[in-house]
Each structure stands twice: as C-alpha cells, then as structure tokens.
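File shown here: my_file_0.pdb, holding PDB, C-alpha atoms.
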```
MODEL        1
ATOM      1  CA  MET M   1       8.294   6.418 -64.502
ATOM      2  CA  PRO M   2      11.444   6.352 -66.698
ATOM      3  CA  LEU M   3      14.654   5.987 -64.743
ATOM      4  CA  THR M   4      17.124   6.614 -67.552
ATOM      5  CA  ARG M   5      19.585   8.711 -65.555
ATOM      6  CA  LEU M   6      19.282   6.425 -62.519
ATOM      7  CA  GLU M   7      19.983   3.360 -64.684
ATOM      8  CA  ARG M   8      23.034   5.001 -66.227
ATOM      9  CA  ALA M   9      24.341   6.012 -62.809
ATOM     10  CA  ILE M  10      24.141   2.527 -61.332
ATOM     11  CA  ASP M  11      25.385   0.775 -64.454
ATOM     12  CA  GLY M  12      28.518   2.914 -64.189
ATOM     13  CA  ALA M  13      29.806   0.664 -61.368
ATOM     14  CA  GLY M  14      31.644   3.539 -59.647
ATOM     15  CA  THR M  15      30.864   4.725 -56.148
ATOM     16  CA  ALA M  16      31.071   8.484 -56.786
ATOM     17  CA  VAL M  17      27.657  10.076 -56.300
ATOM     18  CA  ALA M  18      26.216  12.753 -58.588
ATOM     19  CA  THR M  19      23.182  14.874 -57.849
ATOM     20  CA  PRO M  20      20.995  13.423 -60.661
ATOM     21  CA  ARG M  21      21.478   9.985 -59.198
ATOM     22  CA  ILE M  22      20.000  10.881 -55.827
ATOM     23  CA  THR M  23      17.340  13.099 -57.387
ATOM     24  CA  ASP M  24      16.121  10.251 -59.601
ATOM     25  CA  ILE M  25      15.993   7.902 -56.621
ATOM     26  CA  LEU M  26      13.902  10.397 -54.667
ATOM     27  CA  ASP M  27      11.623  11.041 -57.634
ATOM     28  CA  SER M  28      11.000   7.305 -57.951
ATOM     29  CA  LEU M  29      10.293   6.939 -54.246
ATOM     30  CA  GLU M  30       7.940   9.909 -54.345
ATOM     31  CA  SER M  31       6.070   8.319 -57.243
ATOM     32  CA  ASN M  32       5.595   5.272 -55.024
ATOM     33  CA  TYR M  33       4.800   6.908 -51.674
ATOM     34  CA  GLY M  34       3.540  10.329 -52.702
ATOM     35  CA  ALA M  35       4.649  13.646 -51.240
ATOM     36  CA  LEU M  36       5.289  13.262 -47.498
ATOM     37  CA  ASP M  37       4.889  15.623 -44.566
ATOM     38  CA  PRO M  38       6.711  15.422 -41.207
ATOM     39  CA  ALA M  39       4.840  13.508 -38.522
ATOM     40  CA  ALA M  40       6.957  14.920 -35.693
ATOM     41  CA  PRO M  41       7.021  18.545 -34.485
ATOM     42  CA  THR M  42       9.566  20.691 -36.305
ATOM     43  CA  ASP M  43      10.281  23.123 -33.458
ATOM     44  CA  PRO M  44      13.518  22.026 -31.700
ATOM     45  CA  TYR M  45      12.116  22.050 -28.171
ATOM     46  CA  GLU M  46       8.859  20.389 -29.169
ATOM     47  CA  PHE M  47      10.744  17.663 -31.017
ATOM     48  CA  LEU M  48      12.854  16.926 -27.931
ATOM     49  CA  ILE M  49       9.667  16.508 -25.904
ATOM     50  CA  TRP M  50       7.919  14.466 -28.612
ATOM     51  CA  TRP M  51      10.928  12.150 -28.927
ATOM     52  CA  HIS M  52      10.615  11.085 -25.294
ATOM     53  CA  CYS M  53       6.841  10.659 -25.417
ATOM     54  CA  GLY M  54       7.218   7.102 -26.698
ATOM     55  CA  TYR M  55       9.529   4.149 -26.168
ATOM     56  CA  PRO M  56      10.793   2.345 -28.115
ATOM     57  CA  ALA M  57      10.628   5.575 -30.090
ATOM     58  CA  SER M  58       8.431   5.433 -33.186
ATOM     59  CA  GLU M  59       6.082   7.865 -34.877
ATOM     60  CA  ALA M  60       3.050   5.970 -33.600
ATOM     61  CA  ARG M  61       4.208   5.656 -29.970
ATOM     62  CA  CYS M  62       5.629   9.158 -29.718
ATOM     63  CA  SER M  63       2.517  10.682 -31.257
ATOM     64  CA  LYS M  64       0.271   8.738 -28.896
ATOM     65  CA  GLY M  65       2.261   9.796 -25.842
ATOM     66  CA  TRP M  66       2.444  13.370 -27.142
ATOM     67  CA  ALA M  67      -1.335  13.548 -27.464
ATOM     68  CA  SER M  68      -1.750  12.308 -23.894
ATOM     69  CA  LEU M  69       0.926  14.637 -22.510
ATOM     70  CA  THR M  70      -0.473  17.747 -24.192
ATOM     71  CA  ARG M  71      -3.954  16.854 -22.951
ATOM     72  CA  GLU M  72      -3.048  15.942 -19.363
ATOM     73  CA  VAL M  73      -0.119  18.256 -18.578
ATOM     74  CA  GLY M  74       0.967  20.501 -21.450
ATOM     75  CA  ILE M  75       4.392  20.771 -23.047
ATOM     76  CA  ALA M  76       5.657  24.235 -22.078
ATOM     77  CA  PRO M  77       8.835  24.169 -19.964
ATOM     78  CA  LYS M  78       7.073  25.707 -16.969
ATOM     79  CA  GLN M  79       4.236  23.190 -17.201
ATOM     80  CA  LEU M  80       6.602  20.236 -17.261
ATOM     81  CA  THR M  81       8.842  21.448 -14.457
ATOM     82  CA  ALA M  82       5.814  22.200 -12.276
ATOM     83  CA  ALA M  83       4.065  18.868 -12.890
ATOM     84  CA  SER M  84       4.538  16.029 -10.426
ATOM     85  CA  THR M  85       6.537  13.049 -11.608
ATOM     86  CA  ALA M  86       3.520  10.820 -10.967
ATOM     87  CA  LYS M  87       1.334  12.938 -13.242
ATOM     88  CA  LEU M  88       3.929  12.885 -15.993
ATOM     89  CA  VAL M  89       4.331   9.125 -15.694
ATOM     90  CA  GLY M  90       0.594   8.668 -16.002
ATOM     91  CA  ALA M  91       0.451  10.861 -19.091
ATOM     92  CA  LEU M  92       3.358   9.061 -20.739
ATOM     93  CA  GLU M  93       2.112   5.514 -20.206
ATOM     94  CA  ASP M  94       0.213   5.649 -23.490
ATOM     95  CA  GLY M  95       3.547   5.964 -25.308
ATOM     96  CA  GLY M  96       5.012   2.655 -24.203
ATOM     97  CA  MET M  97       7.738   1.420 -21.895
ATOM     98  CA  VAL M  98       9.747   3.108 -19.101
ATOM     99  CA  PRO M  99       7.426   6.098 -18.576
ATOM    100  CA  ASP M 100       9.226   6.924 -15.312
ATOM    101  CA  LEU M 101      12.574   7.321 -17.101
ATOM    102  CA  ARG M 102      10.968   9.363 -19.850
ATOM    103  CA  ALA M 103       9.257  11.583 -17.274
ATOM    104  CA  SER M 104      12.601  12.375 -15.637
ATOM    105  CA  ARG M 105      14.103  13.197 -19.033
ATOM    106  CA  LEU M 106      11.252  15.547 -19.865
ATOM    107  CA  LYS M 107      11.809  17.385 -16.606
ATOM    108  CA  GLU M 108      15.524  17.608 -17.378
ATOM    109  CA  ILE M 109      14.877  18.979 -20.883
ATOM    110  CA  ALA M 110      12.297  21.478 -19.675
ATOM    111  CA  ALA M 111      14.529  22.695 -16.836
ATOM    112  CA  THR M 112      17.496  23.150 -19.205
ATOM    113  CA  VAL M 113      15.461  25.024 -21.807
ATOM    114  CA  GLN M 114      13.903  27.234 -19.154
ATOM    115  CA  GLY M 115      17.090  27.867 -17.212
ATOM    116  CA  GLU M 116      19.743  28.043 -19.934
ATOM    117  CA  TYR M 117      17.769  29.176 -22.976
ATOM    118  CA  GLY M 118      15.127  31.451 -21.468
ATOM    119  CA  GLY M 119      12.332  29.101 -22.482
ATOM    120  CA  ASP M 120      12.988  29.596 -26.215
ATOM    121  CA  LEU M 121      15.393  27.005 -27.541
ATOM    122  CA  ARG M 122      14.841  27.821 -31.203
ATOM    123  CA  SER M 123      15.777  31.480 -30.827
ATOM    124  CA  ALA M 124      18.886  30.554 -28.869
ATOM    125  CA  LEU M 125      19.995  28.008 -31.481
ATOM    126  CA  SER M 126      19.394  30.464 -34.315
ATOM    127  CA  ARG M 127      22.134  32.672 -32.880
ATOM    128  CA  LEU M 128      24.692  29.865 -33.022
ATOM    129  CA  SER M 129      26.667  28.440 -35.915
ATOM    130  CA  ALA M 130      25.524  25.038 -37.173
ATOM    131  CA  PRO M 131      28.372  23.177 -35.365
ATOM    132  CA  GLN M 132      27.630  25.061 -32.142
ATOM    133  CA  ALA M 133      23.907  24.341 -32.423
ATOM    134  CA  ARG M 134      24.628  20.681 -33.098
ATOM    135  CA  LYS M 135      26.810  20.497 -29.978
ATOM    136  CA  ALA M 136      24.128  22.189 -27.876
ATOM    137  CA  LEU M 137      21.464  19.747 -29.070
ATOM    138  CA  LYS M 138      23.666  16.733 -28.331
ATOM    139  CA  ALA M 139      23.807  17.819 -24.701
ATOM    140  CA  PHE M 140      20.128  16.838 -24.345
ATOM    141  CA  PRO M 141      19.307  13.249 -23.338
ATOM    142  CA  GLY M 142      18.864  10.787 -26.170
ATOM    143  CA  ILE M 143      20.208  13.075 -28.905
ATOM    144  CA  GLY M 144      23.216  12.009 -30.945
ATOM    145  CA  ASN M 145      24.477  13.178 -34.313
ATOM    146  CA  PRO M 146      21.475  11.851 -36.297
ATOM    147  CA  GLY M 147      18.968  13.471 -33.942
ATOM    148  CA  ALA M 148      20.803  16.784 -33.901
ATOM    149  CA  ASP M 149      21.036  16.805 -37.702
ATOM    150  CA  ARG M 150      17.329  16.061 -37.981
ATOM    151  CA  ILE M 151      16.405  18.895 -35.628
ATOM    152  CA  LEU M 152      18.604  21.407 -37.443
ATOM    153  CA  LEU M 153      17.110  20.441 -40.799
ATOM    154  CA  PHE M 154      13.426  20.253 -39.922
ATOM    155  CA  SER M 155      13.510  23.393 -37.807
ATOM    156  CA  ARG M 156      15.073  25.120 -40.832
ATOM    157  CA  LEU M 157      18.053  26.290 -38.849
ATOM    158  CA  SER M 158      20.601  24.655 -41.155
ATOM    159  CA  PRO M 159      20.042  22.637 -44.365
ATOM    160  CA  VAL M 160      22.263  19.777 -43.231
ATOM    161  CA  ALA M 161      22.111  16.435 -45.027
ATOM    162  CA  ALA M 162      20.304  14.624 -42.224
ATOM    163  CA  VAL M 163      19.944  10.838 -42.503
ATOM    164  CA  PRO M 164      17.120   8.947 -40.754
ATOM    165  CA  SER M 165      18.775   7.312 -37.752
ATOM    166  CA  ALA M 166      17.187   3.907 -38.383
ATOM    167  CA  CYS M 167      17.785   3.922 -42.145
ATOM    168  CA  PRO M 168      21.386   4.792 -43.069
ATOM    169  CA  HIS M 169      21.492   1.563 -45.064
ATOM    170  CA  VAL M 170      18.900   2.565 -47.682
ATOM    171  CA  LEU M 171      20.965   4.735 -50.039
ATOM    172  CA  VAL M 172      24.101   2.701 -49.388
ATOM    173  CA  ARG M 173      22.295  -0.418 -50.611
ATOM    174  CA  VAL M 174      20.830   1.261 -53.683
ATOM    175  CA  LEU M 175      24.083   2.828 -54.868
ATOM    176  CA  GLN M 176      26.823   0.580 -53.484
ATOM    177  CA  GLY M 177      25.372  -2.769 -52.453
ATOM    178  CA  PRO M 178      25.174  -4.408 -48.998
ATOM    179  CA  GLU M 179      25.929  -1.994 -46.182
ATOM    180  CA  GLY M 180      28.912  -2.451 -43.901
ATOM    181  CA  GLN M 181      28.859  -3.576 -40.294
ATOM    182  CA  LYS M 182      29.725  -0.174 -38.826
ATOM    183  CA  TYR M 183      26.807   2.187 -38.278
ATOM    184  CA  VAL M 184      28.984   5.311 -38.237
ATOM    185  CA  ALA M 185      30.472   4.444 -41.640
ATOM    186  CA  ASN M 186      27.053   3.726 -43.148
ATOM    187  CA  TYR M 187      25.703   7.005 -41.792
ATOM    188  CA  ALA M 188      28.674   8.922 -43.201
ATOM    189  CA  ASP M 189      28.233   7.290 -46.620
ATOM    190  CA  ALA M 190      24.514   8.065 -46.695
ATOM    191  CA  GLN M 191      25.145  11.643 -45.585
ATOM    192  CA  ARG M 192      27.754  12.088 -48.308
ATOM    193  CA  MET M 193      25.192  10.924 -50.859
ATOM    194  CA  LEU M 194      22.479  13.259 -49.583
ATOM    195  CA  ASN M 195      25.015  16.085 -49.551
ATOM    196  CA  THR M 196      24.955  16.008 -53.348
ATOM    197  CA  LEU M 197      21.400  17.373 -53.259
ATOM    198  CA  PRO M 198      20.923  21.135 -53.534
ATOM    199  CA  ALA M 199      21.452  22.629 -50.067
ATOM    200  CA  THR M 200      17.845  23.742 -49.683
ATOM    201  CA  PHE M 201      15.543  22.895 -46.811
ATOM    202  CA  ASP M 202      12.743  21.616 -49.039
ATOM    203  CA  GLU M 203      14.934  19.260 -51.054
ATOM    204  CA  ARG M 204      16.766  17.790 -48.070
ATOM    205  CA  ILE M 205      13.622  17.421 -45.977
ATOM    206  CA  ARG M 206      12.039  15.605 -48.919
ATOM    207  CA  GLY M 207      15.067  13.315 -49.084
ATOM    208  CA  TYR M 208      14.944  12.532 -45.383
ATOM    209  CA  LEU M 209      11.229  11.720 -45.391
ATOM    210  CA  LEU M 210      11.356   9.501 -48.471
ATOM    211  CA  VAL M 211      14.418   7.565 -47.318
ATOM    212  CA  ALA M 212      12.841   7.052 -43.896
ATOM    213  CA  ARG M 213       9.571   5.833 -45.395
ATOM    214  CA  HIS M 214      11.332   3.442 -47.761
ATOM    215  CA  GLY M 215      13.491   2.064 -44.954
ATOM    216  CA  HIS M 216      10.490   1.420 -42.715
ATOM    217  CA  GLU M 217       8.190  -0.037 -45.379
ATOM    218  CA  LEU M 218      10.290  -1.959 -47.885
ATOM    219  CA  CYS M 219      14.066  -1.578 -47.506
ATOM    220  CA  LYS M 220      13.983  -2.952 -43.980
ATOM    221  CA  ARG M 221      17.223  -3.557 -42.138
ATOM    222  CA  SER M 222      16.339  -7.250 -41.834
ATOM    223  CA  ASN M 223      14.405  -9.120 -44.523
ATOM    224  CA  PRO M 224      14.021  -6.267 -47.042
ATOM    225  CA  LEU M 225      11.070  -6.652 -49.393
ATOM    226  CA  CYS M 226      13.086  -6.283 -52.587
ATOM    227  CA  GLY M 227      10.379  -7.869 -54.755
ATOM    228  CA  ARG M 228       8.065  -4.929 -54.041
ATOM    229  CA  CYS M 229      10.681  -2.177 -54.285
ATOM    230  CA  PRO M 230      10.223   0.464 -57.005
ATOM    231  CA  LEU M 231      14.028   0.694 -57.273
ATOM    232  CA  ARG M 232      14.706  -3.047 -57.546
ATOM    233  CA  ALA M 233      15.732  -3.063 -61.207
ATOM    234  CA  HIS M 234      18.381  -0.417 -60.507
ATOM    235  CA  CYS M 235      19.449  -1.315 -56.954
ATOM    236  CA  ALA M 236      22.984  -2.586 -56.404
ATOM    237  CA  PHE M 237      21.867  -4.514 -53.295
ATOM    238  CA  ALA M 238      18.940  -6.254 -55.009
ATOM    239  CA  ASN M 239      20.965  -7.135 -58.091
ATOM    240  CA  ARG M 240      23.896  -8.467 -56.090
ATOM    241  CA  SER M 241      21.575 -10.551 -53.888
ATOM    242  CA  LYS M 242      19.915 -11.927 -57.055
ATOM    243  CA  ASN M 243      23.190 -13.077 -58.528
ATOM    244  CA  GLN M 244      24.555 -14.785 -55.441
TER     245      GLN M 244
ENDMDL
END
```

Can the structure from this file be put into structure tokens for me?
Amino acid sequence: MPLTRLERAIDGAGTAVATPRITDILDSLESNYGALDPAAPTDPYEFLIWWHCGYPASEARCSKGWASLTREVGIAPKQLTAASTAKLVGALEDGGMVPDLRASRLKEIAATVQGEYGGDLRSALSRLSAPQARKALKAFPGIGNPGADRILLFSRLSPVAAVPSACPHVLVRVLQGPEGQKYVANYADAQRMLNTLPATFDERIRGYLLVARHGHELCKRSNPLCGRCPLRAHCAFANRSKNQ
C-alpha cells in the first residue's frame, strides 16, 4: 500500500512523532498481518492467572497451561485457594518450567483477590484512578509497569499507551534507528510514540497487538529479519544498518 505520509515522516530526520506517522506504520503492519485479536484473557484477574500458567511466559505456553488449569482445577479464586498445591503443580506442568513456583503465585493472587477485592478485581479497579489501579496491579507477583499498562488497556479500564514488554524496540527502530541499551528508556520512547494515537481503546489495542506481532515475527530483538519487513524501505534502523 502507499506509504506517502510515512515516507515523508521518516525522511524528515527529526525525532518528534506525529499521529499520522504511527497510524501509517500500523496500517502497513495490519496490511501484512491482518487484523489481530488478543490471545490472552482481557479480564484483569483472568490475565494475572493466565500469565502464570506458562514459563517462560509466551502465548503458546500460557494458553496451554491455562487450558489444563481450567480443565483440572478451575480459575475462580475460591477454586485456586481450595486446591492442593500438588494438584495445581500437576495442572501447570503443561505450561513449562517451575510449576511449583507458579502454583504458589496463583494461590497468592487468588487469596489477594478474594480477601482484598471481594473476588472481583475488575470492579475494584474500576473505582480507582488509573495511577491507583496501576499501583494496585503492580503489587501482584510478576507485574511491572508494562504488565500493569497492558491490563489497564485490554480490560478497557484506561486507554493507556501500553507497549508490549518484549518489544519496546520496534517503534524506536522504525522512527529513530537502533535502540539504546536501557530498557526503561526504550519503553518510555515507545510509549511516547504510541501516545500520539487517539486515546481510544480500539486504536491503542490495535497498536499494541501489531507492534507485538511484528516484534515476535520479524523485528526480533536479535537478528531482525529486515529483508522481509514491510516497513524496510522507510525504517531508520534498516536504512542505517544498510549504510554501515
């Protein structure tokens, strides 16, 4: 598809980000990958459980462990707190490594949601401001800023500019060139770029999913497949690498 506005934006050599720039990038990625749907649960509590169903966490491992857990035990807070650790470990083995650690974390999450949030985490979070909800989510095991942002966005509690935790480099490479060494700085840059999108749930969820897909399939952290990238002619990273 024509990338006139995208080409103009990158040829400009500045680092300031305008909405059309990001929109054109997403449109191009969507032309390549198609419209995407979330693979993980969008309910805050269910996502927390799903996230610990696999390790190392990935959509495939977490989904496999989730299927086993829902079949063998269930996911409701009362079901998880009542289940024996041995039964949880057995159910989680399909999701990969350290099932004993993940079982203890599931019990911790379930007990917290049941005891502190009356078994309904989403309703409790909906009564908080976005910063308060983010802080509450970060109190759960394994959830940092990227995870909390993702939960707030996909649960439609706040249209934050969430960045896929494994892929903060993608937009930085396209618009600025090689990413820096500091993860926090790369995440902040990528979030600033996504913040130029309209603050709607649909647009920012679309951005998250497309960036994540591109980072996992082509714009890999190591050995990116630039020759197959639909953005290669307009990517600051690919063009800089070509000229070195």

Could you give me, as a list in words, the residues within 8 Å of region 208-210 of chain M, counting all atoms listed in the file and dropping anything in the same chain fewer than 6 positions from it?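 Once the nearby chain positions are removed, what remains is Leu26, Leu29, Glu30, Tyr33, Leu36, Asp37, Pro38, Ala162, Val163 and Pro164 of chain M.
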
Tell me, as a VMD selection string, which residues lie within 12 Å of Thr70 (chain M), counting all atoms listed in the file; anything in the same chain fewer than 4 positions away does not count. chain M and resid 46 49 to 50 53 62 to 66 74 to 76 79 to 80 88 91 to 92

Can you tell me how far CA of Tyr187 (chain M) sits from CA of Pro41 (chain M), in Å to one decimal?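 Here the two named atoms are 23.1 Å from each other.
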
Under the PyMOL selection byres ((chain M and resi 147) around 12), which residues of this model are included? Write them out as a PyMOL selection string. chain M and resi 44+47-48+51+134-146+148-155+160-166

Picked residues, the PyMOL selection byres ((chain M and resi 215) around 10), expected as a ChimeraX atom specification: /M:164,166-171,209-214,216-221,224

Nearest to Phe201 (chain M) among M:Val172, M:Ala103, M:Leu157, M:Leu125, with distances taken over all atoms listed in the file: which residue is it?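 The answer is M:Leu157, which sits nearest to Phe201 (chain M).
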
Could you tell me which of M:Pro77, M:Gly207, M:Pro56, M:Gly34 comes closest to Gly95 (chain M) if we count only C-alpha atoms? M:Pro56

Give the answer as one residue: which of M:Ala133, M:Ala57, M:Ala83, M:Ala190 has the shortest atom-to-atom distance to Met97 (chain M), using all atoms listed in the file? M:Ala57

Mind giving me the axis-aligned box for region 111-115 of chain M with 6 Å on every side, centre plus edges in Å to one decimal, as lines of an AutoDock Vina configuration file?
```
center_x = 15.7
center_y = 25.3
center_z = -19.3
size_x = 15.6
size_y = 17.2
size_z = 17.0
```

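Note that the spacing between CA of Ala124 (chain M) and CA of Ala199 (chain M) amounts to 22.8 Å.
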
Rounded to one decimal, what separation in Å do you get between CA of Gly54 (chain M) and CA of Gly118 (chain M)? 26.1 Å

Please work out which residues fall within 10 Å of (19.0, 18.1, -52.3), coordinates as given in the file, with all atoms listed in the file counting, and return them as JSON, numbers by chain. {"M": [19, 20, 22, 23, 26, 159, 160, 161, 193, 194, 195, 196, 197, 198, 199, 200, 201, 202, 203, 204, 205, 206, 207, 208]}

Min atom-atom distance to Leu106 (chain M) from the set M:Thr81, M:Gln181, M:Ser126, M:Asn223, counting all atoms listed in the file, belongs to M:Thr81
